[in-house]
Amino acid sequence: MIQVSVKPESFEMVFYDAAVIGEVVAEVAERLGVDEAITLDIDEQSPLGRSKILSYDPIDLWVDGGALENTQRPRNFGPARTRDTIGRLLLRVLDRRSGRFDDAPADDELDLSQFAAWDVHSVGRLERIGLGGQRKRRLYQFRNRHGFTDVADAAFDELWGSSELSWTEIERLSVGCRT
Amino acid sequence: MNFELQQHAAWTAERASMTDIKRPREPFAPWDRRSLPGLFDVDETAKRIGHYKWVEIKLFEALGGWVATVPELDVKLRLGTHCYHHAWHADLFDKRLPELREMQTERLTIPPNDHMVEFFESMTEPEAAHMTIEKLVGVYRVLIPHKIAAYTYHRNGTSEITDMPTIRILDFILQDEFSDWREGEMLIQSMIESPEELERAMSHQTKLEKIMLEAGGIAGPGSIGNPYVELVEEN
Amino acid sequence: MRKIFPAEELARDSRFIRQTNEQRMGDPRGARVAGGNTSENLAKLTPGLPNGPDRARALMHGIFVGEIQALEGAGRTCWDFELGDEVPLALKLDMARQCWDEARHCEISVSLAEHMGTELGEYAENGLLYEASCNPDPVLRLTGVNRALEGLAIDVFNTMKEFGNMAGDPVLEFCEDWMLADEVTHVKMGSDWLRRLTENDKDRLNKALEFQKVVDRLFSFNGFRGEDDDSPIQLTRRFRELAGFSDEEIDEIADMSRDARSEAIA
């Protein structure tokens, strides 16, 4: 079992259980082939859905409490949303370690369009291994960043359906919609 | 232009210049078979329309009230839509009444008898969320078929010349009634999935039909006329 | 069927999860509103925000359940009151018309939710809107619903229409434009009936306007709806004027929002 360290260990504002969260994170990591320790920092005060990678090695993730929340039952833990959030972050870790993303800008230098394109590629892969999906939600986000056009939709399909794109290919598809 | 076409154009122009504007024509074209006699005089028409209006009001009120009580999303939205259809029918009948010499329209906006009041009380009784079948059956398998029958009888029996405004109104209304009936019937069919549900639908329909039978139809006895022959006593 | 149907009994299928007002307001992280949260820094809802599309999706779902409740509320006004004694036929006819409009709005919202990738029931539903439709006085009910809530709908739809325009989303912009036209009609209905039914009853008029303020205040917390550039939902003067609001009334709502915002910051 992968060692997952969840901070904080107990929650005051939301009805989360660190042990349950740890189990879901470990499950996602195992499905993606990540077999190293993971630290997850949660800001329980924030109901927003932000997330970021604090460190790639060792893996240290940070999320708003809202990124793990069940939107139907506010303040309650949402396993499906958690799989989506953690899955995207871990795939980004794996992508950057693969050598295919060596020319990708640092996370804090990525703009909204680039993030959206990379996320589509990640979530498409997650869906194919049975970890969430929400294809239409991602399409809407992608269209907001790349335009409501046939070109953008074709780029989305390629990002979603491809198995191992490089950063150069993701960037080409993203820029292609915006020019 | 070729020669034949030129000739034809010249011939048409010549005929046009020869049209005899004084030549008499029948006021009713050969294909216009409308007839003057009708089954209802002005007072009877006003009385019936008052009953129709009362029924339409009761129906749109009930449909509006039920919207909050049905959990099925498609049914909820259809009831909201049909609610307006029947309100519009009530408005059309309301506007027709003063044209039939009834200036105090509320005076004739009444049920034909107490059985019709009882019918609406029974029809609107179901409230619980699990009783959508009963709600739909009352409207779409009992009331609306009776409305279609009475409106059709009225439409076909009234004078096609003197009472054309009523016919025009009834034509618009019947168009709504048929399409609403079809939608409602399809909703019912889609909701009945077991013999028990079928039994519920049938038993509620029977209960309401019995009251409607007592009422004699939405405009009371004679709502759809009398099809039987009066036999003369033999010598 | 009873008169006055309680909000907690509104019929829904299993996809919908109700969140009570106590749960909503009792969230220590701040109540969710307009697809965002009162604890986050206020910002006008635009596609340029990092969470803009997701906030728009959440707001669209809020609009959808709001439309269901508006349909239910208008329907109950057709049923709850006695004709003649309590309300005239023309008022009920207007409410029936509103039922049809709200039913169409539900259909539009469902289609837009699909377009935006939102599943029905994806977010919790709050019954606050319908609760305003339970007032036993038809004048107060119409004022609270048609002037306060439908007035809010004008602001929300206009904000969403602008969102669609900025995002280059022709579907969203087109649909919101049509719904906005209906909402102006509904608010005008409220304004007209308020005037007609209280023509000779100053006391009832004041009570109705006071009830409207209560409802407006409920939907103004944290000043999320206002005229400042960063108000998440923009107060829409032009359409409110078309719907029968006076300048003073619009000023009052703007002030209410500003006060609520100052309180939240303090």
# chains A, B, ... in the order shown; residues from 1 in each chain; ligands from 1

call {"tool": "closest_atom_pairs", "arguments": {"of": "chain C", "to": "chain B", "cutoff": "7 Å", "atoms": "only C-alpha atoms", "output": "Markdown table"}}
result
| residue | atom | partner | partner_atom | distance |
| --- | --- | --- | --- | --- |
| C:Met1 | CA | B:Glu127 | CA | 5.0 |
| C:Leu10 | CA | B:Ala68 | CA | 5.5 |
| C:Ala11 | CA | B:Pro71 | CA | 4.3 |
| C:Arg12 | CA | B:Pro71 | CA | 4.1 |
| C:Asp13 | CA | B:Pro71 | CA | 5.2 |
| C:Leu71 | CA | B:Gly80 | CA | 6.8 |
| C:Glu72 | CA | B:Ala68 | CA | 4.9 |
| C:Gly75 | CA | B:Gly64 | CA | 3.6 |
| C:Arg76 | CA | B:Gly65 | CA | 4.6 |
| C:Cys78 | CA | B:Glu61 | CA | 4.9 |
| C:Trp79 | CA | B:Glu61 | CA | 4.7 |
| C:Leu93 | CA | B:Ala87 | CA | 5.7 |
| C:Ala96 | CA | B:Tyr84 | CA | 4.7 |
| C:Arg97 | CA | B:Tyr84 | CA | 5.2 |
| C:Cys99 | CA | B:Gly80 | CA | 5.0 |
| C:Trp100 | CA | B:Thr81 | CA | 4.4 |
| C:Ala103 | CA | B:Leu77 | CA | 5.1 |

call {"tool": "write_last_selection", "arguments": {"atoms": "C-alpha atoms", "output": "PDB file, in the first residue's frame"}}
result
ATOM      1  CA  MET C   1     -54.908  18.808  -2.769  1.00  0.00           C
ATOM      2  CA  LEU C  10     -41.541  19.826  -3.129  1.00  0.00           C
ATOM      3  CA  ALA C  11     -41.504  16.673  -5.247  1.00  0.00           C
ATOM      4  CA  ARG C  12     -38.180  15.705  -6.824  1.00  0.00           C
ATOM      5  CA  ASP C  13     -36.650  12.563  -8.271  1.00  0.00           C
ATOM      6  CA  LEU C  71     -42.723  27.127 -12.149  1.00  0.00           C
ATOM      7  CA  GLU C  72     -43.984  25.493  -8.987  1.00  0.00           C
ATOM      8  CA  GLY C  75     -48.541  27.071 -10.444  1.00  0.00           C
ATOM      9  CA  ARG C  76     -49.398  27.257  -6.768  1.00  0.00           C
ATOM     10  CA  CYS C  78     -53.110  29.468  -9.767  1.00  0.00           C
ATOM     11  CA  TRP C  79     -54.367  26.977  -7.163  1.00  0.00           C
ATOM     12  CA  LEU C  93     -54.211  33.927 -16.231  1.00  0.00           C
ATOM     13  CA  ALA C  96     -50.664  30.404 -15.838  1.00  0.00           C
ATOM     14  CA  ARG C  97     -48.765  32.182 -18.587  1.00  0.00           C
ATOM     15  CA  CYS C  99     -46.083  28.625 -15.676  1.00  0.00           C
ATOM     16  CA  TRP C 100     -45.613  28.063 -19.372  1.00  0.00           C
ATOM     17  CA  ALA C 103     -41.571  25.401 -17.997  1.00  0.00           C
TER      18      ALA C 103
END

call {"tool": "residues_around", "arguments": {"residues": "range 36-47 of chain B", "least_positions_apart": "4", "cutoff": "9 Å", "atoms": "only C-alpha atoms", "output": "list in words"}}
result
His51, Tyr52, Arg96, Leu97, Pro98, Glu99, Leu100, Arg101, Glu102, Leu108, Thr109, Ile110, Pro112, His154, Asn156, Gly157, Thr158, Ser159, Glu160, Ile161, Thr162, Asp163, Thr166 and Ala219 of chain B

call {"tool": "atom_distance", "arguments": {"atom1": "CA of Ala29 in chain A", "atom2": "CA of Phe142 in chain A"}}
result
25.6 Å

call {"tool": "interface_residues", "arguments": {"of": "chain A", "to": "chain C", "cutoff": "6 Å", "atoms": "only C-alpha atoms", "output": "NGL selection string"}}
result
:A and (45 or 71-72 or 136-137 or 140-141 or 144 or 148)

call {"tool": "atom_distance", "arguments": {"atom1": "CA of Val175 in chain A", "atom2": "CA of Ala155 in chain A"}}
result
9.9 Å

call {"tool": "atom_distance", "arguments": {"atom1": "CA of Leu142 in chain C", "atom2": "CA of Gly190 in chain C"}}
result
5.7 Å

call {"tool": "residues_around", "arguments": {"residues": "Met202 in chain B", "least_positions_apart": "4", "cutoff": "12 Å", "atoms": "only C-alpha atoms", "output": "compact mmCIF listing (two decimals) with C-alpha atoms, in the first residue's frame"}}
result
# COMPACT_ATOMS: atom_id res chain seq x y z
CA ILE B 133 -50.78 8.18 -12.40
CA GLU B 134 -54.06 9.15 -10.70
CA LEU B 136 -52.80 12.19 -15.09
CA VAL B 137 -55.65 9.69 -15.51
CA GLY B 138 -58.17 12.17 -14.12
CA ARG B 141 -58.25 9.82 -19.64
CA VAL B 142 -61.44 11.30 -18.23
CA ILE B 188 -49.63 7.68 -18.59
CA ILE B 192 -47.75 2.21 -16.08
CA PRO B 195 -50.45 -4.82 -13.41
CA GLU B 196 -50.88 -3.05 -10.06
CA GLU B 197 -50.28 0.35 -11.63
CA LEU B 198 -52.66 -0.54 -14.43
CA THR B 206 -63.81 4.24 -13.31
CA LYS B 207 -64.41 6.22 -10.14
CA LEU B 208 -64.22 9.53 -12.00
CA GLU B 209 -66.19 8.30 -15.03

call {"tool": "closest_residue", "arguments": {"among": "A:Pro8, A:Gly87, A:Pro105, A:Gly130", "to": "Gly65 in chain A", "atoms": "only C-alpha atoms"}}
result
A:Pro8

call {"tool": "select_by_dssp", "arguments": {"residues": "range 102-243 of chain C", "states": "helix (DSSP H, G or I)", "output": "compact mmCIF listing (two decimals) with N, CA and C atoms, in the first residue's frame"}}
result
# COMPACT_ATOMS: atom_id res chain seq x y z
N GLU C 102 -41.98 29.50 -17.41
CA GLU C 102 -40.99 28.86 -16.52
C GLU C 102 -40.74 27.43 -16.98
N ALA C 103 -41.77 26.77 -17.48
CA ALA C 103 -41.57 25.40 -18.00
C ALA C 103 -40.59 25.45 -19.17
N ARG C 104 -40.76 26.45 -20.03
CA ARG C 104 -39.80 26.60 -21.15
C ARG C 104 -38.41 26.93 -20.63
N HIS C 105 -38.36 27.75 -19.60
CA HIS C 105 -37.05 28.09 -19.03
C HIS C 105 -36.36 26.84 -18.46
N CYS C 106 -37.16 25.97 -17.88
CA CYS C 106 -36.58 24.70 -17.40
C CYS C 106 -36.00 23.93 -18.58
N GLU C 107 -36.77 23.88 -19.66
CA GLU C 107 -36.29 23.15 -20.84
C GLU C 107 -35.01 23.78 -21.39
N ILE C 108 -35.00 25.12 -21.41
CA ILE C 108 -33.80 25.83 -21.90
C ILE C 108 -32.62 25.54 -20.96
N SER C 109 -32.89 25.61 -19.65
CA SER C 109 -31.81 25.42 -18.67
C SER C 109 -31.25 24.01 -18.73
N VAL C 110 -32.13 23.04 -18.93
CA VAL C 110 -31.66 21.65 -19.06
C VAL C 110 -30.74 21.54 -20.27
N SER C 111 -31.17 22.16 -21.37
CA SER C 111 -30.35 22.10 -22.59
C SER C 111 -29.02 22.82 -22.39
N LEU C 112 -29.08 23.97 -21.69
CA LEU C 112 -27.84 24.71 -21.45
C LEU C 112 -26.92 23.94 -20.50
N ALA C 113 -27.52 23.29 -19.50
CA ALA C 113 -26.72 22.50 -18.57
C ALA C 113 -25.99 21.40 -19.34
N GLU C 114 -26.70 20.77 -20.25
CA GLU C 114 -26.11 19.74 -21.10
C GLU C 114 -24.96 20.34 -21.93
N HIS C 115 -25.22 21.51 -22.48
CA HIS C 115 -24.22 22.22 -23.29
C HIS C 115 -22.97 22.54 -22.46
N MET C 116 -23.16 22.82 -21.18
CA MET C 116 -22.04 23.23 -20.33
C MET C 116 -21.44 22.04 -19.57
N LEU C 128 -35.07 28.18 -1.13
CA LEU C 128 -35.38 29.55 -0.69
C LEU C 128 -36.35 30.27 -1.63
N LEU C 129 -36.16 30.05 -2.93
CA LEU C 129 -36.99 30.75 -3.90
C LEU C 129 -38.46 30.35 -3.74
N TYR C 130 -38.70 29.05 -3.65
CA TYR C 130 -40.08 28.60 -3.52
C TYR C 130 -40.70 29.07 -2.21
N GLU C 131 -39.87 29.15 -1.18
CA GLU C 131 -40.40 29.58 0.13
C GLU C 131 -41.06 30.96 0.03
N ALA C 132 -40.48 31.82 -0.80
CA ALA C 132 -41.08 33.14 -0.99
C ALA C 132 -42.44 33.02 -1.69
N PRO C 138 -51.73 37.05 -1.61
CA PRO C 138 -51.32 37.04 -3.01
C PRO C 138 -50.52 38.28 -3.43
N VAL C 139 -50.82 39.41 -2.82
CA VAL C 139 -50.09 40.64 -3.19
C VAL C 139 -48.64 40.53 -2.71
N LEU C 140 -48.47 40.07 -1.48
CA LEU C 140 -47.11 39.92 -0.96
C LEU C 140 -46.35 38.85 -1.76
N ARG C 141 -47.07 37.77 -2.08
CA ARG C 141 -46.43 36.70 -2.84
C ARG C 141 -45.94 37.21 -4.19
N LEU C 142 -46.82 37.90 -4.89
CA LEU C 142 -46.44 38.39 -6.22
C LEU C 142 -45.32 39.41 -6.15
N THR C 143 -45.35 40.23 -5.10
CA THR C 143 -44.31 41.24 -4.98
C THR C 143 -42.97 40.58 -4.67
N GLY C 144 -43.00 39.62 -3.74
CA GLY C 144 -41.77 38.92 -3.37
C GLY C 144 -41.20 38.11 -4.52
N VAL C 145 -42.09 37.41 -5.22
CA VAL C 145 -41.62 36.53 -6.29
C VAL C 145 -41.35 37.32 -7.57
N ASN C 146 -42.37 38.05 -8.05
CA ASN C 146 -42.22 38.66 -9.37
C ASN C 146 -41.35 39.91 -9.38
N ARG C 147 -41.31 40.62 -8.25
CA ARG C 147 -40.46 41.82 -8.27
C ARG C 147 -39.07 41.53 -7.70
N ALA C 148 -39.01 40.82 -6.56
CA ALA C 148 -37.69 40.58 -5.96
C ALA C 148 -36.95 39.46 -6.69
N LEU C 149 -37.57 38.28 -6.75
CA LEU C 149 -36.85 37.12 -7.30
C LEU C 149 -36.70 37.18 -8.82
N GLU C 150 -37.79 37.54 -9.49
CA GLU C 150 -37.69 37.63 -10.95
C GLU C 150 -36.80 38.82 -11.31
N GLY C 151 -36.77 39.83 -10.43
CA GLY C 151 -35.85 40.96 -10.63
C GLY C 151 -34.41 40.48 -10.55
N LEU C 152 -34.16 39.62 -9.56
CA LEU C 152 -32.82 39.03 -9.44
C LEU C 152 -32.50 38.22 -10.70
N ALA C 153 -33.52 37.53 -11.20
CA ALA C 153 -33.32 36.72 -12.42
C ALA C 153 -32.89 37.61 -13.59
N ILE C 154 -33.44 38.81 -13.66
CA ILE C 154 -33.02 39.74 -14.71
C ILE C 154 -31.52 39.98 -14.61
N ASP C 155 -31.06 40.25 -13.37
CA ASP C 155 -29.63 40.52 -13.16
C ASP C 155 -28.78 39.30 -13.51
N VAL C 156 -29.25 38.12 -13.07
CA VAL C 156 -28.48 36.89 -13.31
C VAL C 156 -28.41 36.58 -14.81
N PHE C 157 -29.57 36.67 -15.48
CA PHE C 157 -29.59 36.32 -16.91
C PHE C 157 -28.74 37.29 -17.73
N ASN C 158 -28.79 38.56 -17.33
CA ASN C 158 -27.98 39.53 -18.07
C ASN C 158 -26.49 39.25 -17.86
N THR C 159 -26.14 38.88 -16.63
CA THR C 159 -24.74 38.54 -16.35
C THR C 159 -24.31 37.32 -17.17
N MET C 160 -25.19 36.31 -17.22
CA MET C 160 -24.87 35.11 -17.99
C MET C 160 -24.82 35.40 -19.50
N LYS C 161 -25.69 36.30 -19.93
CA LYS C 161 -25.68 36.66 -21.35
C LYS C 161 -24.33 37.31 -21.70
N GLU C 162 -23.88 38.19 -20.81
CA GLU C 162 -22.58 38.84 -21.03
C GLU C 162 -21.45 37.81 -20.97
N PHE C 163 -21.59 36.85 -20.06
CA PHE C 163 -20.59 35.79 -19.96
C PHE C 163 -20.49 35.05 -21.30
N GLY C 164 -21.65 34.72 -21.85
CA GLY C 164 -21.69 34.02 -23.14
C GLY C 164 -21.06 34.86 -24.24
N ASN C 165 -21.36 36.13 -24.20
CA ASN C 165 -20.81 37.05 -25.20
C ASN C 165 -19.28 37.11 -25.11
N MET C 166 -18.78 37.23 -23.87
CA MET C 166 -17.33 37.33 -23.67
C MET C 166 -16.62 36.03 -24.06
N ALA C 167 -17.30 34.90 -23.77
CA ALA C 167 -16.67 33.61 -24.06
C ALA C 167 -16.80 33.25 -25.54
N PRO C 170 -22.18 31.32 -28.52
CA PRO C 170 -23.43 31.83 -29.08
C PRO C 170 -24.67 31.17 -28.49
N VAL C 171 -24.53 29.93 -28.05
CA VAL C 171 -25.69 29.20 -27.51
C VAL C 171 -26.14 29.84 -26.19
N LEU C 172 -25.19 30.06 -25.31
CA LEU C 172 -25.51 30.65 -24.00
C LEU C 172 -26.09 32.05 -24.18
N GLU C 173 -25.45 32.85 -25.01
CA GLU C 173 -25.90 34.23 -25.20
C GLU C 173 -27.31 34.28 -25.77
N PHE C 174 -27.58 33.44 -26.76
CA PHE C 174 -28.89 33.38 -27.41
C PHE C 174 -29.99 33.01 -26.40
N CYS C 175 -29.73 31.95 -25.63
CA CYS C 175 -30.75 31.46 -24.69
C CYS C 175 -31.01 32.47 -23.58
N GLU C 176 -29.95 33.04 -23.05
CA GLU C 176 -30.12 33.99 -21.94
C GLU C 176 -30.89 35.22 -22.41
N ASP C 177 -30.65 35.62 -23.64
CA ASP C 177 -31.34 36.78 -24.19
C ASP C 177 -32.85 36.55 -24.21
N TRP C 178 -33.25 35.34 -24.62
CA TRP C 178 -34.69 35.02 -24.67
C TRP C 178 -35.29 34.94 -23.27
N MET C 179 -34.53 34.31 -22.36
CA MET C 179 -35.07 34.17 -21.00
C MET C 179 -35.18 35.55 -20.34
N LEU C 180 -34.21 36.39 -20.66
CA LEU C 180 -34.22 37.75 -20.11
C LEU C 180 -35.49 38.49 -20.53
N ALA C 181 -35.88 38.30 -21.78
CA ALA C 181 -37.11 38.96 -22.28
C ALA C 181 -38.32 38.51 -21.45
N ASP C 182 -38.39 37.21 -21.17
CA ASP C 182 -39.51 36.70 -20.37
C ASP C 182 -39.47 37.26 -18.95
N GLU C 183 -38.27 37.35 -18.39
CA GLU C 183 -38.18 37.82 -17.00
C GLU C 183 -38.64 39.27 -16.88
N VAL C 184 -38.28 40.08 -17.86
CA VAL C 184 -38.74 41.47 -17.82
C VAL C 184 -40.28 41.48 -17.81
N THR C 185 -40.88 40.60 -18.60
CA THR C 185 -42.34 40.48 -18.63
C THR C 185 -42.88 40.09 -17.26
N HIS C 186 -42.23 39.14 -16.62
CA HIS C 186 -42.71 38.67 -15.30
C HIS C 186 -42.58 39.76 -14.24
N VAL C 187 -41.48 40.48 -14.29
CA VAL C 187 -41.31 41.56 -13.29
C VAL C 187 -42.36 42.64 -13.55
N LYS C 188 -42.61 42.90 -14.81
CA LYS C 188 -43.62 43.91 -15.13
C LYS C 188 -45.00 43.46 -14.63
N MET C 189 -45.28 42.16 -14.79
CA MET C 189 -46.54 41.63 -14.24
C MET C 189 -46.63 41.94 -12.75
N GLY C 190 -45.53 41.69 -12.04
CA GLY C 190 -45.50 41.94 -10.60
C GLY C 190 -45.74 43.41 -10.29
N SER C 191 -45.08 44.27 -11.05
CA SER C 191 -45.23 45.71 -10.83
C SER C 191 -46.68 46.14 -11.09
N ASP C 192 -47.24 45.63 -12.18
CA ASP C 192 -48.61 46.01 -12.55
C ASP C 192 -49.63 45.52 -11.52
N TRP C 193 -49.49 44.27 -11.09
CA TRP C 193 -50.46 43.74 -10.12
C TRP C 193 -50.32 44.41 -8.77
N LEU C 194 -49.09 44.73 -8.40
CA LEU C 194 -48.89 45.43 -7.12
C LEU C 194 -49.66 46.75 -7.15
N ARG C 195 -49.53 47.46 -8.26
CA ARG C 195 -50.20 48.76 -8.38
C ARG C 195 -51.73 48.57 -8.39
N ARG C 196 -52.20 47.60 -9.16
CA ARG C 196 -53.66 47.44 -9.30
C ARG C 196 -54.32 46.94 -8.02
N LEU C 197 -53.69 45.99 -7.37
CA LEU C 197 -54.33 45.39 -6.20
C LEU C 197 -54.22 46.24 -4.95
N LYS C 202 -53.16 51.55 0.91
CA LYS C 202 -51.78 51.99 1.11
C LYS C 202 -51.03 51.06 2.08
N ASP C 203 -51.77 50.59 3.09
CA ASP C 203 -51.16 49.74 4.10
C ASP C 203 -50.64 48.43 3.47
N ARG C 204 -51.50 47.85 2.61
CA ARG C 204 -51.12 46.59 1.96
C ARG C 204 -49.93 46.82 1.01
N LEU C 205 -49.95 47.96 0.34
CA LEU C 205 -48.84 48.31 -0.56
C LEU C 205 -47.53 48.35 0.22
N ASN C 206 -47.56 49.02 1.39
CA ASN C 206 -46.34 49.13 2.18
C ASN C 206 -45.87 47.77 2.67
N LYS C 207 -46.84 46.93 3.07
CA LYS C 207 -46.47 45.60 3.55
C LYS C 207 -45.81 44.80 2.41
N ALA C 208 -46.39 44.94 1.23
CA ALA C 208 -45.85 44.20 0.08
C ALA C 208 -44.44 44.66 -0.25
N LEU C 209 -44.24 45.97 -0.24
CA LEU C 209 -42.90 46.49 -0.56
C LEU C 209 -41.89 46.09 0.51
N GLU C 210 -42.39 46.03 1.76
CA GLU C 210 -41.51 45.60 2.86
C GLU C 210 -41.11 44.13 2.66
N PHE C 211 -42.09 43.32 2.25
CA PHE C 211 -41.79 41.90 2.00
C PHE C 211 -40.79 41.76 0.85
N GLN C 212 -40.96 42.60 -0.15
CA GLN C 212 -40.02 42.58 -1.28
C GLN C 212 -38.61 42.87 -0.78
N LYS C 213 -38.52 43.84 0.14
CA LYS C 213 -37.19 44.19 0.66
C LYS C 213 -36.58 43.02 1.43
N VAL C 214 -37.44 42.33 2.19
CA VAL C 214 -36.94 41.18 2.95
C VAL C 214 -36.35 40.15 1.99
N VAL C 215 -37.10 39.87 0.90
CA VAL C 215 -36.62 38.89 -0.07
C VAL C 215 -35.37 39.40 -0.77
N ASP C 216 -35.38 40.67 -1.15
CA ASP C 216 -34.20 41.25 -1.80
C ASP C 216 -32.97 41.13 -0.90
N ARG C 217 -33.21 41.39 0.39
CA ARG C 217 -32.09 41.34 1.35
C ARG C 217 -31.53 39.91 1.45
N LEU C 218 -32.46 38.94 1.45
CA LEU C 218 -32.04 37.53 1.54
C LEU C 218 -31.10 37.16 0.39
N PHE C 221 -26.90 38.90 0.22
CA PHE C 221 -25.84 38.76 1.19
C PHE C 221 -24.47 38.81 0.54
N ASN C 222 -23.57 39.41 1.29
CA ASN C 222 -22.20 39.62 0.84
C ASN C 222 -22.14 40.57 -0.37
N GLY C 223 -23.27 41.17 -0.71
CA GLY C 223 -23.28 42.13 -1.81
C GLY C 223 -22.91 41.51 -3.15
N ARG C 237 -29.84 48.01 -14.52
CA ARG C 237 -30.77 49.14 -14.43
C ARG C 237 -31.75 49.19 -15.59
N ARG C 238 -31.23 49.06 -16.81
CA ARG C 238 -32.07 49.31 -17.99
C ARG C 238 -33.27 48.35 -18.03
N PHE C 239 -33.02 47.07 -17.80
CA PHE C 239 -34.11 46.11 -17.89
C PHE C 239 -35.07 46.25 -16.71
N ARG C 240 -34.54 46.63 -15.55
CA ARG C 240 -35.42 46.83 -14.40
C ARG C 240 -36.35 48.02 -14.64
N GLU C 241 -35.82 49.05 -15.30
CA GLU C 241 -36.69 50.20 -15.63
C GLU C 241 -37.82 49.76 -16.56
N LEU C 242 -37.47 48.94 -17.55
CA LEU C 242 -38.49 48.43 -18.48
C LEU C 242 -39.58 47.65 -17.74

call {"tool": "residues_around", "arguments": {"residues": "Leu187 in chain B", "least_positions_apart": "4", "cutoff": "8 Å", "atoms": "only C-alpha atoms", "output": "PyMOL selection string"}}
result
chain B and resi 75+136+183+191

call {"tool": "decode", "arguments": {"residues": "range 72-85 of chain B", "atoms": "N, CA and C atoms", "output": "short mmCIF file (atom, residue, chain, number, x, y, z; two decimals), in the first residue's frame"}}
result
data_model
loop_
_atom_site.label_atom_id
_atom_site.label_comp_id
_atom_site.auth_asym_id
_atom_site.auth_seq_id
_atom_site.Cartn_x
_atom_site.Cartn_y
_atom_site.Cartn_z
N GLU B 72 -41.78 13.61 -11.23
CA GLU B 72 -41.26 13.29 -12.57
C GLU B 72 -41.09 14.59 -13.35
N LEU B 73 -39.83 14.83 -13.76
CA LEU B 73 -39.49 16.11 -14.37
C LEU B 73 -40.27 16.38 -15.65
N ASP B 74 -40.40 15.37 -16.50
CA ASP B 74 -41.11 15.58 -17.77
C ASP B 74 -42.59 15.88 -17.51
N VAL B 75 -43.19 15.20 -16.53
CA VAL B 75 -44.60 15.45 -16.20
C VAL B 75 -44.75 16.87 -15.64
N LYS B 76 -43.83 17.23 -14.77
CA LYS B 76 -43.87 18.56 -14.15
C LYS B 76 -43.90 19.65 -15.23
N LEU B 77 -43.02 19.52 -16.21
CA LEU B 77 -42.92 20.55 -17.25
C LEU B 77 -44.14 20.54 -18.18
N ARG B 78 -44.68 19.35 -18.44
CA ARG B 78 -45.88 19.28 -19.28
C ARG B 78 -47.08 19.91 -18.57
N LEU B 79 -47.19 19.63 -17.27
CA LEU B 79 -48.33 20.20 -16.53
C LEU B 79 -48.25 21.73 -16.55
N GLY B 80 -47.02 22.25 -16.39
CA GLY B 80 -46.85 23.71 -16.41
C GLY B 80 -47.25 24.29 -17.75
N THR B 81 -46.90 23.57 -18.81
CA THR B 81 -47.23 24.04 -20.17
C THR B 81 -48.74 23.95 -20.42
N HIS B 82 -49.33 22.83 -20.07
CA HIS B 82 -50.76 22.64 -20.31
C HIS B 82 -51.60 23.56 -19.43
N CYS B 83 -51.08 23.90 -18.27
CA CYS B 83 -51.78 24.84 -17.37
C CYS B 83 -52.12 26.12 -18.16
N TYR B 84 -51.13 26.60 -18.91
CA TYR B 84 -51.38 27.83 -19.66
C TYR B 84 -52.39 27.60 -20.79
N HIS B 85 -52.30 26.46 -21.44
CA HIS B 85 -53.25 26.20 -22.54
C HIS B 85 -54.69 26.38 -22.05
#
